[in-house]
Structures are given as C-alpha cells and as structure tokens.
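Trainee: Pasting data17.tsv below, which is TSV, C-alpha atoms (C1' of nucleotides).
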chain	number	residue	atom	x	y	z
F	1	MET	CA	-15.20	29.87	6.05
F	2	SER	CA	-18.43	30.21	7.89
F	3	LYS	CA	-19.42	26.70	6.89
F	4	GLU	CA	-20.37	24.05	9.34
F	5	PRO	CA	-17.38	22.16	10.62
F	6	TRP	CA	-18.90	18.85	9.58
F	7	LEU	CA	-18.00	17.07	6.40
F	8	ASP	CA	-20.77	16.12	4.03
F	9	ASP	CA	-21.04	12.59	2.72
F	10	ASP	CA	-18.83	13.02	-0.32
F	11	GLU	CA	-16.16	14.77	1.63
F	12	GLN	CA	-16.29	12.20	4.36
F	13	LYS	CA	-16.03	9.42	1.83
F	14	ALA	CA	-13.03	10.94	0.07
F	15	TRP	CA	-11.30	11.64	3.35
F	16	ARG	CA	-11.76	8.11	4.55
F	17	SER	CA	-10.62	6.68	1.24
F	18	TYR	CA	-7.54	8.77	1.54
F	19	LEU	CA	-6.87	7.63	5.09
F	20	LEU	CA	-7.26	4.02	4.12
F	21	MET	CA	-5.03	4.36	1.08
F	22	ASN	CA	-2.45	6.02	3.16
F	23	ARG	CA	-2.36	3.36	5.77
F	24	THR	CA	-2.44	0.56	3.27
F	25	LEU	CA	0.40	2.00	1.25
F	26	GLU	CA	2.57	2.83	4.23
F	27	THR	CA	2.05	-0.54	5.78
F	28	HIS	CA	2.83	-2.29	2.57
F	29	LEU	CA	6.01	-0.37	1.84
F	30	GLU	CA	7.28	-0.56	5.36
F	31	ARG	CA	6.60	-4.24	5.70
F	32	HIS	CA	8.61	-5.08	2.65
F	33	LEU	CA	11.47	-2.84	3.63
F	34	GLN	CA	11.50	-4.53	7.00
F	35	ARG	CA	11.08	-8.11	5.86
F	36	GLU	CA	13.42	-8.05	2.90
F	37	PHE	CA	16.14	-5.75	4.12
F	38	GLY	CA	15.70	-5.35	7.86
F	39	LEU	CA	15.28	-1.60	7.55
F	40	SER	CA	12.50	0.48	9.01
F	41	LYS	CA	11.04	3.49	7.25
F	42	SER	CA	13.00	5.63	9.66
F	43	ASP	CA	16.27	3.90	8.93
F	44	PHE	CA	15.57	4.32	5.27
F	45	GLU	CA	14.91	8.02	5.59
F	46	ILE	CA	18.14	8.67	7.42
F	47	LEU	CA	20.18	6.59	5.02
F	48	VAL	CA	18.64	8.28	2.00
F	49	ASN	CA	19.60	11.67	3.32
F	50	LEU	CA	23.12	10.67	4.20
F	51	SER	CA	23.73	8.87	0.97
F	52	GLU	CA	22.45	11.79	-1.08
F	53	SER	CA	24.95	14.16	0.47
F	54	GLN	CA	28.06	13.48	-1.52
F	55	SER	CA	30.31	13.62	1.51
F	56	GLY	CA	28.24	10.95	3.23
F	57	ARG	CA	28.28	12.94	6.42
F	58	MET	CA	25.95	15.49	7.96
F	59	ARG	CA	25.46	17.31	11.22
F	60	ALA	CA	22.58	16.06	13.30
F	61	PHE	CA	20.61	19.25	12.98
F	62	GLU	CA	20.84	19.10	9.20
F	63	LEU	CA	19.30	15.67	9.33
F	64	SER	CA	16.74	17.06	11.68
F	65	ARG	CA	15.79	19.76	9.22
F	66	ALA	CA	15.78	17.36	6.31
F	67	THR	CA	13.58	14.79	7.98
F	68	GLN	CA	11.49	17.15	10.10
F	69	TRP	CA	12.09	14.94	13.09
F	70	GLU	CA	12.28	16.18	16.62
F	71	LYS	CA	15.80	16.29	17.88
F	72	SER	CA	15.26	13.74	20.60
F	73	ARG	CA	13.75	11.26	18.22
F	74	LEU	CA	16.70	11.75	15.95
F	75	SER	CA	19.18	11.34	18.74
F	76	HIS	CA	17.60	8.13	19.96
F	77	HIS	CA	17.33	6.72	16.50
F	78	LEU	CA	20.89	7.56	15.55
F	79	SER	CA	22.10	5.79	18.67
F	80	ARG	CA	20.23	2.66	17.68
F	81	MET	CA	21.49	2.85	14.12
F	82	GLU	CA	25.02	3.28	15.34
F	83	LYS	CA	24.64	0.18	17.48
F	84	ARG	CA	23.59	-1.68	14.36
F	85	GLY	CA	26.56	-0.38	12.42
F	86	LEU	CA	24.61	1.58	9.82
F	87	ILE	CA	26.11	4.94	10.76
F	88	ARG	CA	28.95	6.31	12.85
F	89	LYS	CA	29.14	9.43	14.99
F	90	GLU	CA	32.48	11.03	14.28
F	91	SER	CA	33.74	13.43	16.89
F	92	CYS	CA	35.84	15.57	14.65
F	93	GLU	CA	37.74	18.54	15.95
F	94	ALA	CA	34.76	20.86	15.60
F	95	ARG	CA	32.32	21.31	18.40
F	96	TYR	CA	29.74	18.77	17.37
F	97	PRO	CA	30.10	15.28	15.96
F	98	GLU	CA	29.22	14.52	12.38
F	99	ILE	CA	27.00	11.65	11.41
F	100	ALA	CA	28.61	9.49	8.75
F	101	ILE	CA	27.14	6.62	6.82
F	102	THR	CA	29.17	3.43	7.09
F	103	GLU	CA	30.05	0.95	4.38
F	104	GLU	CA	27.40	-1.30	5.77
F	105	GLY	CA	24.80	1.45	5.73
F	106	MET	CA	25.72	2.35	2.19
F	107	ALA	CA	25.43	-1.25	1.12
F	108	ALA	CA	22.05	-1.59	2.80
F	109	ILE	CA	20.51	1.39	1.09
F	110	LYS	CA	22.00	0.56	-2.29
F	111	GLU	CA	20.49	-2.84	-2.00
F	112	CYS	CA	16.99	-1.87	-1.02
F	113	ALA	CA	16.48	1.38	-2.92
F	114	PRO	CA	15.61	-0.13	-6.31
F	115	ALA	CA	13.02	-2.48	-4.87
F	116	HIS	CA	11.52	0.36	-2.87
F	117	ALA	CA	11.38	2.66	-5.87
F	118	ALA	CA	9.78	-0.09	-7.91
F	119	ARG	CA	7.03	-0.49	-5.35
F	120	VAL	CA	6.37	3.22	-5.19
F	121	ARG	CA	6.11	3.20	-8.94
F	122	GLU	CA	3.85	0.18	-9.11
F	123	PHE	CA	1.43	1.09	-6.36
F	124	PHE	CA	1.46	4.85	-6.40
F	125	VAL	CA	2.99	6.57	-9.39
F	126	ASP	CA	1.59	4.28	-12.05
F	127	VAL	CA	-1.86	4.10	-10.51
F	128	PHE	CA	-2.07	7.87	-10.45
F	129	GLY	CA	-0.68	8.34	-13.89
F	130	PRO	CA	1.20	11.52	-14.85
F	131	ASP	CA	-1.71	13.95	-14.91
F	132	ARG	CA	-3.33	13.08	-11.66
F	133	LEU	CA	0.08	12.77	-10.06
F	134	ALA	CA	0.99	16.29	-11.08
F	135	VAL	CA	-2.25	17.54	-9.56
F	136	LEU	CA	-1.55	15.71	-6.35
F	137	GLY	CA	1.90	17.26	-6.15
F	138	GLU	CA	0.40	20.73	-6.45
F	139	VAL	CA	-2.29	20.17	-3.88
F	140	SER	CA	0.20	18.65	-1.49
F	141	ASP	CA	2.36	21.73	-1.66
F	142	GLU	CA	-0.66	23.93	-1.11
F	143	ILE	CA	-1.65	21.98	1.96
F	144	VAL	CA	1.80	22.15	3.45
F	145	GLU	CA	1.83	25.89	2.83
F	146	THR	CA	-1.59	26.31	4.37
F	147	ILE	CA	-0.67	24.47	7.49
F	148	THR	CA	2.72	26.05	7.99
F	149	ALA	CA	1.23	29.46	7.33
F	150	HIS	CA	-1.57	28.86	9.78
F	151	CYS	CA	0.63	28.04	12.72
F	152	ASP	CA	3.70	29.61	11.34
F	153	ASN	CA	5.69	28.79	14.31
F	154	ASP	CA	3.12	29.04	16.97
F	155	CYS	CA	1.89	25.50	17.14
F	156	PRO	CA	5.03	23.58	17.97
F	157	PRO	CA	6.70	25.89	20.42
F	158	GLU	CA	4.09	26.22	23.11
F	159	VAL	CA	2.67	29.67	22.54
F	160	SER	CA	0.87	30.83	25.59
F	161	GLY	CA	-0.53	34.20	24.61
F	162	GLN	CA	1.73	36.97	23.45
F	163	SER	CA	4.72	38.24	25.36
R	1	MET	CA	6.33	-3.72	-16.05
R	2	SER	CA	9.60	-3.65	-17.86
R	3	LYS	CA	10.19	-0.03	-16.96
R	4	GLU	CA	13.13	1.05	-14.89
R	5	PRO	CA	12.33	0.95	-11.23
R	6	TRP	CA	13.59	4.47	-10.68
R	7	LEU	CA	11.39	7.50	-10.51
R	8	ASP	CA	12.10	10.40	-12.81
R	9	ASP	CA	12.39	13.90	-11.45
R	10	ASP	CA	8.74	14.82	-11.70
R	11	GLU	CA	7.61	11.61	-10.13
R	12	GLN	CA	10.15	11.92	-7.39
R	13	LYS	CA	9.07	15.46	-6.69
R	14	ALA	CA	5.39	14.59	-6.52
R	15	TRP	CA	6.06	11.61	-4.30
R	16	ARG	CA	8.11	13.66	-1.90
R	17	SER	CA	5.54	16.41	-1.83
R	18	TYR	CA	2.96	13.86	-0.98
R	19	LEU	CA	5.09	12.37	1.80
R	20	LEU	CA	5.71	15.77	3.29
R	21	MET	CA	2.06	16.76	3.10
R	22	ASN	CA	1.11	13.58	4.73
R	23	ARG	CA	3.45	13.96	7.62
R	24	THR	CA	2.63	17.59	8.10
R	25	LEU	CA	-1.09	16.97	8.13
R	26	GLU	CA	-0.95	13.96	10.39
R	27	THR	CA	1.34	15.68	12.82
R	28	HIS	CA	-0.83	18.74	12.92
R	29	LEU	CA	-4.08	16.88	13.45
R	30	GLU	CA	-2.67	14.57	16.03
R	31	ARG	CA	-0.97	17.29	17.98
R	32	HIS	CA	-4.15	19.23	18.38
R	33	LEU	CA	-6.17	16.21	19.32
R	34	GLN	CA	-3.57	15.41	21.93
R	35	ARG	CA	-3.04	18.89	23.30
R	36	GLU	CA	-6.63	20.02	23.40
R	37	PHE	CA	-8.41	16.84	24.33
R	38	GLY	CA	-5.79	14.38	25.53
R	39	LEU	CA	-6.70	11.88	22.84
R	40	SER	CA	-4.32	10.19	20.44
R	41	LYS	CA	-5.22	9.41	16.85
R	42	SER	CA	-5.64	5.81	17.92
R	43	ASP	CA	-7.99	6.67	20.76
R	44	PHE	CA	-9.96	8.77	18.36
R	45	GLU	CA	-10.28	5.99	15.83
R	46	ILE	CA	-11.58	3.53	18.37
R	47	LEU	CA	-14.02	5.98	19.85
R	48	VAL	CA	-15.34	6.99	16.43
R	49	ASN	CA	-16.08	3.39	15.60
R	50	LEU	CA	-17.74	2.66	18.89
R	51	SER	CA	-19.79	5.82	18.89
R	52	GLU	CA	-20.99	5.21	15.35
R	53	SER	CA	-22.41	1.83	16.24
R	54	GLN	CA	-25.73	2.71	17.75
R	55	SER	CA	-25.41	0.18	20.52
R	56	GLY	CA	-22.11	1.69	21.60
R	57	ARG	CA	-20.63	-1.76	21.88
R	58	MET	CA	-18.64	-3.96	19.52
R	59	ARG	CA	-16.68	-7.16	19.59
R	60	ALA	CA	-12.93	-6.75	19.43
R	61	PHE	CA	-12.59	-8.38	16.06
R	62	GLU	CA	-15.18	-6.04	14.58
R	63	LEU	CA	-13.05	-3.16	15.73
R	64	SER	CA	-10.09	-4.95	14.30
R	65	ARG	CA	-11.72	-5.18	10.90
R	66	ALA	CA	-12.95	-1.61	11.03
R	67	THR	CA	-9.60	-0.14	11.95
R	68	GLN	CA	-7.39	-2.62	10.14
R	69	TRP	CA	-5.27	-2.96	13.23
R	70	GLU	CA	-3.47	-6.10	14.21
R	71	LYS	CA	-5.21	-7.89	16.99
R	72	SER	CA	-2.38	-7.52	19.44
R	73	ARG	CA	-2.16	-3.81	18.90
R	74	LEU	CA	-5.87	-3.59	19.47
R	75	SER	CA	-5.70	-5.66	22.60
R	76	HIS	CA	-2.92	-3.55	24.08
R	77	HIS	CA	-4.61	-0.33	23.18
R	78	LEU	CA	-7.98	-1.35	24.54
R	79	SER	CA	-6.35	-2.25	27.84
R	80	ARG	CA	-4.79	1.17	28.08
R	81	MET	CA	-8.05	2.87	27.14
R	82	GLU	CA	-9.90	0.86	29.74
R	83	LYS	CA	-7.40	1.98	32.36
R	84	ARG	CA	-8.17	5.55	31.39
R	85	GLY	CA	-11.91	4.97	31.62
R	86	LEU	CA	-12.71	5.60	27.96
R	87	ILE	CA	-14.08	2.13	27.34
R	88	ARG	CA	-15.13	-0.94	29.28
R	89	LYS	CA	-14.73	-4.61	28.51
R	90	GLU	CA	-18.00	-6.27	29.37
R	91	SER	CA	-17.85	-9.98	29.93
R	92	CYS	CA	-21.37	-10.78	28.93
R	93	GLU	CA	-22.70	-14.32	28.98
R	94	ALA	CA	-21.43	-15.03	25.46
R	95	ARG	CA	-18.01	-16.41	24.88
R	96	TYR	CA	-16.12	-13.18	24.30
R	97	PRO	CA	-16.36	-9.82	26.02
R	98	GLU	CA	-17.85	-6.84	24.26
R	99	ILE	CA	-16.12	-3.50	24.13
R	100	ALA	CA	-18.40	-0.71	25.27
R	101	ILE	CA	-17.83	3.02	25.16
R	102	THR	CA	-18.23	4.69	28.54
R	103	GLU	CA	-19.94	7.94	29.37
R	104	GLU	CA	-16.55	9.50	29.66
R	105	GLY	CA	-15.47	8.16	26.30
R	106	MET	CA	-18.65	9.40	24.70
R	107	ALA	CA	-18.17	12.82	26.22
R	108	ALA	CA	-14.59	12.95	25.01
R	109	ILE	CA	-15.40	12.19	21.41
R	110	LYS	CA	-18.43	14.45	21.32
R	111	GLU	CA	-16.24	17.22	22.53
R	112	CYS	CA	-13.37	16.83	20.12
R	113	ALA	CA	-15.10	15.68	16.95
R	114	PRO	CA	-16.27	19.09	15.73
R	115	ALA	CA	-12.87	20.67	16.14
R	116	HIS	CA	-11.26	17.75	14.38
R	117	ALA	CA	-13.71	17.87	11.49
R	118	ALA	CA	-13.15	21.60	11.19
R	119	ARG	CA	-9.42	21.06	10.85
R	120	VAL	CA	-9.84	18.38	8.25
R	121	ARG	CA	-12.06	20.75	6.34
R	122	GLU	CA	-9.75	23.69	6.64
R	123	PHE	CA	-6.48	22.00	5.80
R	124	PHE	CA	-7.53	19.21	3.53
R	125	VAL	CA	-11.03	19.33	2.08
R	126	ASP	CA	-11.12	23.03	1.33
R	127	VAL	CA	-7.61	23.14	-0.08
R	128	PHE	CA	-8.42	20.34	-2.47
R	129	GLY	CA	-11.77	21.71	-3.46
R	130	PRO	CA	-14.58	19.43	-4.62
R	131	ASP	CA	-13.19	18.40	-8.01
R	132	ARG	CA	-9.69	17.51	-7.01
R	133	LEU	CA	-11.02	15.87	-3.90
R	134	ALA	CA	-13.28	13.61	-5.93
R	135	VAL	CA	-10.32	12.61	-8.06
R	136	LEU	CA	-8.26	11.85	-5.00
R	137	GLY	CA	-11.00	9.66	-3.64
R	138	GLU	CA	-11.06	7.65	-6.84
R	139	VAL	CA	-7.33	7.21	-7.04
R	140	SER	CA	-7.17	6.24	-3.40
R	141	ASP	CA	-9.65	3.46	-3.95
R	142	GLU	CA	-7.73	2.29	-6.97
R	143	ILE	CA	-4.51	2.16	-5.02
R	144	VAL	CA	-6.07	0.19	-2.21
R	145	GLU	CA	-7.49	-2.23	-4.73
R	146	THR	CA	-4.17	-2.57	-6.48
R	147	ILE	CA	-2.31	-3.34	-3.31
R	148	THR	CA	-4.84	-5.72	-1.87
R	149	ALA	CA	-5.10	-7.48	-5.23
R	150	HIS	CA	-1.37	-7.75	-5.50
R	151	CYS	CA	-0.79	-9.51	-2.24
R	152	ASP	CA	-4.30	-10.70	-1.87
R	153	ASN	CA	-3.62	-12.36	1.33
R	154	ASP	CA	-0.13	-13.47	0.82
R	155	CYS	CA	1.78	-10.59	2.26
R	156	PRO	CA	0.49	-10.46	5.80
R	157	PRO	CA	0.06	-14.10	6.62
R	158	GLU	CA	3.45	-15.52	5.92
R	159	VAL	CA	2.73	-17.72	2.95
R	160	SER	CA	5.56	-20.08	2.39
R	161	GLY	CA	4.69	-21.83	-0.87
R	162	GLN	CA	1.29	-23.24	-1.58
R	163	SER	CA	-0.40	-25.90	0.46
O	1	DT	C1'	32.13	40.48	34.91
O	2	DC	C1'	27.80	38.29	35.80
O	3	DC	C1'	23.54	36.74	34.32
O	4	DG	C1'	20.06	35.25	30.95
O	5	DT	C1'	18.99	32.86	27.12
O	6	DC	C1'	19.51	30.51	22.92
O	7	DG	C1'	20.90	26.56	19.84
O	8	DG	C1'	22.57	21.93	19.37
O	9	DG	C1'	22.45	17.69	21.53
O	10	DT	C1'	21.63	13.83	25.13
O	11	DT	C1'	18.95	11.37	28.55
O	12	DG	C1'	15.06	8.94	31.02
O	13	DA	C1'	10.32	7.99	31.67
O	14	DT	C1'	6.48	6.76	29.63
O	15	DG	C1'	3.12	5.62	25.97
O	16	DT	C1'	2.59	3.16	21.75
O	17	DG	C1'	3.29	-0.50	17.86
O	18	DT	C1'	5.09	-5.07	16.32
O	19	DC	C1'	6.34	-9.67	16.48
O	20	DA	C1'	6.05	-14.24	18.08
O	21	DA	C1'	4.27	-17.18	21.22
O	22	DC	C1'	0.69	-18.79	23.61
O	23	DC	C1'	-4.34	-19.95	25.53
O	24	DC	C1'	-8.67	-21.89	24.67
O	25	DG	C1'	-12.93	-23.33	22.71
O	26	DA	C1'	-14.92	-24.94	18.27
O	27	DC	C1'	-14.83	-27.62	14.53
O	28	DC	C1'	-13.29	-31.33	11.44
O	29	DC	C1'	-11.45	-35.58	10.17
O	30	DG	C1'	-9.78	-40.17	11.31
Y	1	DC	C1'	-12.37	-40.97	21.24
Y	2	DG	C1'	-7.78	-38.65	19.63
Y	3	DG	C1'	-5.51	-35.42	17.38
Y	4	DG	C1'	-5.11	-31.18	13.85
Y	5	DT	C1'	-6.06	-26.60	12.99
Y	6	DC	C1'	-8.60	-22.46	12.96
Y	7	DG	C1'	-10.41	-18.05	14.97
Y	8	DG	C1'	-10.60	-14.80	18.65
Y	9	DG	C1'	-7.96	-12.96	22.11
Y	10	DT	C1'	-3.98	-12.14	25.57
Y	11	DT	C1'	0.81	-11.67	26.90
Y	12	DG	C1'	5.85	-10.34	26.99
Y	13	DA	C1'	9.75	-8.64	24.93
Y	14	DC	C1'	11.42	-5.41	22.25
Y	15	DA	C1'	11.66	-1.31	18.91
Y	16	DC	C1'	10.14	3.15	18.43
Y	17	DA	C1'	8.13	8.09	19.41
Y	18	DT	C1'	7.21	11.88	22.54
Y	19	DC	C1'	7.79	14.85	26.28
Y	20	DA	C1'	10.22	17.27	29.63
Y	21	DA	C1'	14.37	17.97	31.67
Y	22	DC	C1'	18.90	18.67	31.42
Y	23	DC	C1'	24.04	19.76	29.65
Y	24	DC	C1'	27.08	23.02	27.68
Y	25	DG	C1'	29.18	26.49	24.89
Y	26	DA	C1'	28.12	30.94	22.58
Y	27	DC	C1'	26.31	35.30	22.52
Y	28	DG	C1'	24.29	39.64	24.33
Y	29	DG	C1'	23.35	42.99	27.32
Y	30	DA	C1'	23.81	45.77	31.73
For this file, write the structure as structure tokens.
Mentor:
Amino acid sequence: MSKEPWLDDDEQKAWRSYLLMNRTLETHLERHLQREFGLSKSDFEILVNLSESQSGRMRAFELSRATQWEKSRLSHHLSRMEKRGLIRKESCEARYPEIAITEEGMAAIKECAPAHAARVREFFVDVFGPDRLAVLGEVSDEIVETITAHCDNDCPPEVSGQS
Amino acid sequence: MSKEPWLDDDEQKAWRSYLLMNRTLETHLERHLQREFGLSKSDFEILVNLSESQSGRMRAFELSRATQWEKSRLSHHLSRMEKRGLIRKESCEARYPEIAITEEGMAAIKECAPAHAARVREFFVDVFGPDRLAVLGEVSDEIVETITAHCDNDCPPEVSGQS
DNA sequence: TCCGTCGGGTTGATGTGTCAACCCGACCCG
DNA sequence: CGGGTCGGGTTGACACATCAACCCGACGGA
C-alpha cells in the first residue's frame, strides 16, 4: 500500500524472468504457426472462436467480446481474412452481417490446432506441471479481477473527471 | 512424449486464464505509459537499457541482445526514436555508431519509471505475493531454458539440414 | 416531430513489427 | 591476389495495431 513504488531485487528478477518467458513463448508459438500454416496468432484466435461456435458464424461484436479486441482492429483484420478466403461476411436479412468461417478456414484451423496444442503442452503445461499450473490459473484470474476492478470502465473510455 | 497433444479441461482453463491475464496486464501497462508519458512499451525498453548502462551509450547489437529484438526492428525503432529526440546516433571514430540517450530521453524515463514500477507492483507483484512470485520466476526460467534448448539455434536461423 | 446520443460497424492516417534483400568491412582460405 | 562468408547494420515492402473520425439505424426525451 504505502510501500515504495520500486521493486526490490527479487521482485525485479521474477518480473523480468516472466517478461522474458512471455516473449520467448509467444515468439516461438507464433513463429511456428506462421511458418508451418501461414496463420498469425490473430488469425488463429478468430478461427478458434468461429470454429467453437457450432453454427460457425458469429456477429462481429460477439467476436469482439470474445477476443477483447477493439472494434476497428477486428474490422480491419476480418477484411484481410476475407480477402484470404478464411472467412466470409454474410449480409443476411438482419441489420448486420454475420461472420462465417469458410471451408478453407475450417481446414486451416483443423490442420494447425493439434500442433499448436502440442507445443503449448510441451513448453508450458508440462513444464509447469499440474500443481504449479493450477496456482498460475488462480493468480491469473486474480490479476484480471484486480485490474478490471481498478479501472472498472474508466480507463478505456476516456474519463475526464466526473460528469 | 506419447501423450495426446490436446489439453484437458483444467489445462485449457489455466492456459486461457494465463493468456487473458497477459493481455490484460500488457494492455493496461502500455496504455498508461502511452497516455501519461507518450512512450510505448518499446520506447520504454530501449530507454531502460540505455539508462541502466552508466555511460548512457550502447552499440546497437548490445541493445539487440538485451532486448532480444531483431536487428531490423531495432534499426527502424531507433530511427523513429531519434526523430523524436529520445536518443542520438553518434558516429564516433570507431566503425559503428553508438546509440546515446539524450537529455530528453533521460528525463522521460526518469519521469515515468516510478509510476510504471508502482503499477507492476500493484497489479502483478502484490497480487502474486512473495511465495507464488518466486515460484513463477523459477518456472519462467525453466520454460525459457526448455524452449531455447529445444530449438537451440535452429528455429530462428532457417536451418535447412546440416552443413 | 426534432434533436441528442448510443451501439455496431467501417474507414484512413499513422506508428509499429517482420521479412527478405542488400551494403560493407573483416576475416579466412585457396 | 581472388573469392567466400560472416557480423553489424540499413532499407523497402508489406502486414498489423491504434486512434480518431465518421456512418447509420434505434431509442429516448421534450
């Protein structure tokens, strides 16, 4: 609370280890996804969400909620993915178009998912082991709660003072 | 080894919690750095490294090793930072220029570092607490080792076959 | 009815990261 | 001397993320 802002040596060391691990892992996973299947992490995320909805189609704002992306990022990325044939924007009769995964998109994710899962297992899950992994899961949830509670919705949407 | 590649429910849950935590934390930290001080995470990283070297000057490839960035990313980013007056490329008599932090760059990092450290403490260090944090540090190091051992230097540098 | 504003979505400009190609001096081997 | 090739560094093209601005239909007063 009233502590100094600075981190002591142990804290600093753990924090930096974490940062390095993070970067190393992300880089590694993304590289392989890209090199072996031509998919970026972002592509993968979208395709996972679409393929997990049994209809294979979602509204853009659902995807936005699911991925936590900003709407403009999503819009741009969906356009690119449509150009590449991974998804389709279907202007159904309702007001807004639905985003549907294509055959090609489905094939892509079905092909790369096992390899991706295997890497996550090898380099993350198995190194943690069940006990430490469970702890990490808990702490992660706590951190997310802490942050979202802190700036409940006053960080993102430009809060200048009240009223 | 011979296990299924897939993650079971607990593993999946922990992994996704971790991913979410990660994104939330990164976004939060970076947003504040950007909004309050006009620095990106990348700017910050460079300035931290430069300011921690007592001479305030480093060769580009030292920075590259310290940050783990690809050289072209570094080159691009240093150019942009120079344009903004945060650093200077000094063509000394030696073969390659040295990267020096400017007064302005020094002022910027001195100003934002305490706030940044305070956030890391509040949302990460203090939520973990000393014990869990120590564990995380250990696991992180193990993961980095595992990955770097796995593709010792055969992932990055395009190894087609041996010799 | 008119106006404000809100939610879902697109667009364009700009900043950032990645990849591949290149430059150049140093070094090695022939 | 002539040619590899290696390390440090730059460049250009392209993919991607972010921000602010905008479009438009729906809703809610007054």
Trainee: Leaving out Ser55 in chain R and any residue of its chain fewer than 5 positions from it, which residues lie within 12 Å of it when counting all atoms listed in the file, given as a list in words?
Mentor: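 Skipping anything fewer than 5 positions along the chain leaves Asn49, Leu50, Glu98, Ile99, Ala100, Ile101 and Thr102 of chain R.
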Trainee: Which value, in Å to one decimal, gives the distance between CA of Leu63 in chain R and CA of Ile46 in chain R?
Mentor: 7.3 Å
Trainee: Give me the residues near DT11 in chain Y as a ChimeraX atom specification, where near means some atom within 10 Å (using only C-alpha atoms (C1' of nucleotides)) and where sequence neighbours in that chain fewer than 5 positions away do not count.
Mentor: /R:72,75-76 /O:21-23
Trainee: Give me a file of those residues, with C-alpha atoms (C1' of nucleotides), as a PDB file, in the coordinates of the input.
Mentor:
ATOM      1  CA  SER R  72      -2.380  -7.520  19.440  1.00  0.00           C
ATOM      2  CA  SER R  75      -5.700  -5.660  22.600  1.00  0.00           C
ATOM      3  CA  HIS R  76      -2.920  -3.550  24.080  1.00  0.00           C
TER       4      HIS R  76
ATOM      5  C1'  DA O  21       4.270 -17.180  21.220  1.00  0.00           C
ATOM      6  C1'  DC O  22       0.690 -18.790  23.610  1.00  0.00           C
ATOM      7  C1'  DC O  23      -4.340 -19.950  25.530  1.00  0.00           C
TER       8       DC O  23
END
Trainee: Quick one: distance from CA of Asn22 in chain R to CA of Ser140 in chain F in Å, one decimal?
Mentor: 8.1 Å
Trainee: What does the distance between CA of Phe44 in chain F and CA of Ile109 in chain F come to in Å, to one decimal place?
Mentor: 7.1 Å
Trainee: Kindly determine which residues of chain R lie within 10 Å of chain O, considering only C-alpha atoms (C1' of nucleotides), and give the answer as an MDAnalysis selection string.
Mentor: chainID R and resid 40 42 70 72:74 76:77 80 95
Trainee: How close does chain F get to chain R? List, as CSV, each residue of chain F within 8 Å, its nearest atom pair and the distance in Å to one decimal, counting only C-alpha atoms.
Mentor:
residue,atom,partner,partner_atom,distance
F:Glu4,CA,R:Ala118,CA,7.8
F:Pro5,CA,R:Ala118,CA,4.3
F:Trp6,CA,R:Ala117,CA,5.6
F:Leu7,CA,R:Ala117,CA,6.7
F:Asp10,CA,R:Ala134,CA,7.9
F:Glu11,CA,R:Val125,CA,6.9
F:Lys13,CA,R:Gly137,CA,7.4
F:Ala14,CA,R:Gly137,CA,4.4
F:Trp15,CA,R:Gly137,CA,7.3
F:Ser17,CA,R:Gly137,CA,5.7
F:Tyr18,CA,R:Ser140,CA,5.6
F:Leu20,CA,R:Val144,CA,7.5
F:Met21,CA,R:Ser140,CA,5.3
F:Thr24,CA,R:Val144,CA,6.6
F:Leu25,CA,R:Ile147,CA,7.5
F:His28,CA,R:Ile147,CA,7.9
F:Pro114,CA,R:Pro5,CA,6.0
F:Ala115,CA,R:Pro5,CA,7.3
F:Ala117,CA,R:Trp6,CA,5.6
F:Ala118,CA,R:Pro5,CA,4.3
F:Arg121,CA,R:Leu7,CA,7.0
F:Phe123,CA,R:Ile143,CA,6.2
F:Phe124,CA,R:Ile143,CA,6.7
F:Val125,CA,R:Glu11,CA,6.9
F:Val127,CA,R:Ile143,CA,6.4
F:Phe128,CA,R:Val139,CA,6.3
F:Pro130,CA,R:Glu11,CA,8.0
F:Arg132,CA,R:Val135,CA,7.9
F:Leu133,CA,R:Ala14,CA,6.6
F:Ala134,CA,R:Ala14,CA,6.6
F:Val135,CA,R:Arg132,CA,7.9
F:Leu136,CA,R:Ala14,CA,7.0
F:Gly137,CA,R:Ala14,CA,4.4
F:Glu138,CA,R:Ala14,CA,7.9
F:Val139,CA,R:Phe128,CA,6.3
F:Ser140,CA,R:Met21,CA,5.3
F:Asp141,CA,R:Ser17,CA,6.2
F:Glu142,CA,R:Val127,CA,7.1
F:Ile143,CA,R:Phe123,CA,6.2
F:Val144,CA,R:Met21,CA,5.4
F:Thr146,CA,R:Phe123,CA,6.7
F:Ile147,CA,R:Phe123,CA,6.5
Trainee: Give me the residues of chain Y that have any atom at most 9 Å from an atom of chain R; for each, the nearest atom pair and the distance in Å, rounded to one decimal. Use only C-alpha atoms (C1' of nucleotides), sort by chain and number, and format it as JSON lines.
Mentor:
{"residue": "Y:DG8", "atom": "C1'", "partner": "R:Phe61", "partner_atom": "CA", "distance": 7.2}
{"residue": "Y:DG9", "atom": "C1'", "partner": "R:Ser75", "partner_atom": "CA", "distance": 7.7}
{"residue": "Y:DT10", "atom": "C1'", "partner": "R:Ser75", "partner_atom": "CA", "distance": 7.3}
Trainee: Could N, CA and C atoms be built for range 5-17 of chain F and written out as an mmCIF file, in the frame of the given file?
Mentor:
data_model
loop_
_atom_site.group_PDB
_atom_site.id
_atom_site.type_symbol
_atom_site.label_atom_id
_atom_site.label_comp_id
_atom_site.auth_asym_id
_atom_site.auth_seq_id
_atom_site.Cartn_x
_atom_site.Cartn_y
_atom_site.Cartn_z
ATOM 1 N N PRO F 5 -18.622 22.916 10.569
ATOM 2 C CA PRO F 5 -17.380 22.160 10.620
ATOM 3 C C PRO F 5 -17.520 20.783 9.964
ATOM 4 N N TRP F 6 -18.735 20.237 10.000
ATOM 5 C CA TRP F 6 -18.900 18.850 9.580
ATOM 6 C C TRP F 6 -18.637 18.639 8.115
ATOM 7 N N LEU F 7 -18.226 17.432 7.791
ATOM 8 C CA LEU F 7 -18.000 17.070 6.400
ATOM 9 C C LEU F 7 -19.293 16.461 5.858
ATOM 10 N N ASP F 8 -19.615 16.789 4.606
ATOM 11 C CA ASP F 8 -20.770 16.120 4.030
ATOM 12 C C ASP F 8 -20.359 14.724 3.560
ATOM 13 N N ASP F 9 -21.306 14.002 3.010
ATOM 14 C CA ASP F 9 -21.040 12.590 2.720
ATOM 15 C C ASP F 9 -19.901 12.381 1.732
ATOM 16 N N ASP F 10 -19.895 13.182 0.668
ATOM 17 C CA ASP F 10 -18.830 13.020 -0.320
ATOM 18 C C ASP F 10 -17.468 13.319 0.273
ATOM 19 N N GLU F 11 -17.427 14.386 1.019
ATOM 20 C CA GLU F 11 -16.160 14.770 1.630
ATOM 21 C C GLU F 11 -15.673 13.700 2.587
ATOM 22 N N GLN F 12 -16.594 13.258 3.396
ATOM 23 C CA GLN F 12 -16.290 12.200 4.360
ATOM 24 C C GLN F 12 -15.746 10.965 3.648
ATOM 25 N N LYS F 13 -16.410 10.615 2.561
ATOM 26 C CA LYS F 13 -16.030 9.420 1.830
ATOM 27 C C LYS F 13 -14.615 9.559 1.257
ATOM 28 N N ALA F 14 -14.354 10.712 0.658
ATOM 29 C CA ALA F 14 -13.030 10.940 0.070
ATOM 30 C C ALA F 14 -11.960 10.931 1.152
ATOM 31 N N TRP F 15 -12.260 11.576 2.250
ATOM 32 C CA TRP F 15 -11.300 11.640 3.350
ATOM 33 C C TRP F 15 -10.986 10.252 3.873
ATOM 34 N N ARG F 16 -12.001 9.453 4.027
ATOM 35 C CA ARG F 16 -11.760 8.110 4.550
ATOM 36 C C ARG F 16 -11.037 7.236 3.534
ATOM 37 N N SER F 17 -11.351 7.422 2.267
ATOM 38 C CA SER F 17 -10.620 6.680 1.240
ATOM 39 C C SER F 17 -9.138 7.034 1.305
#
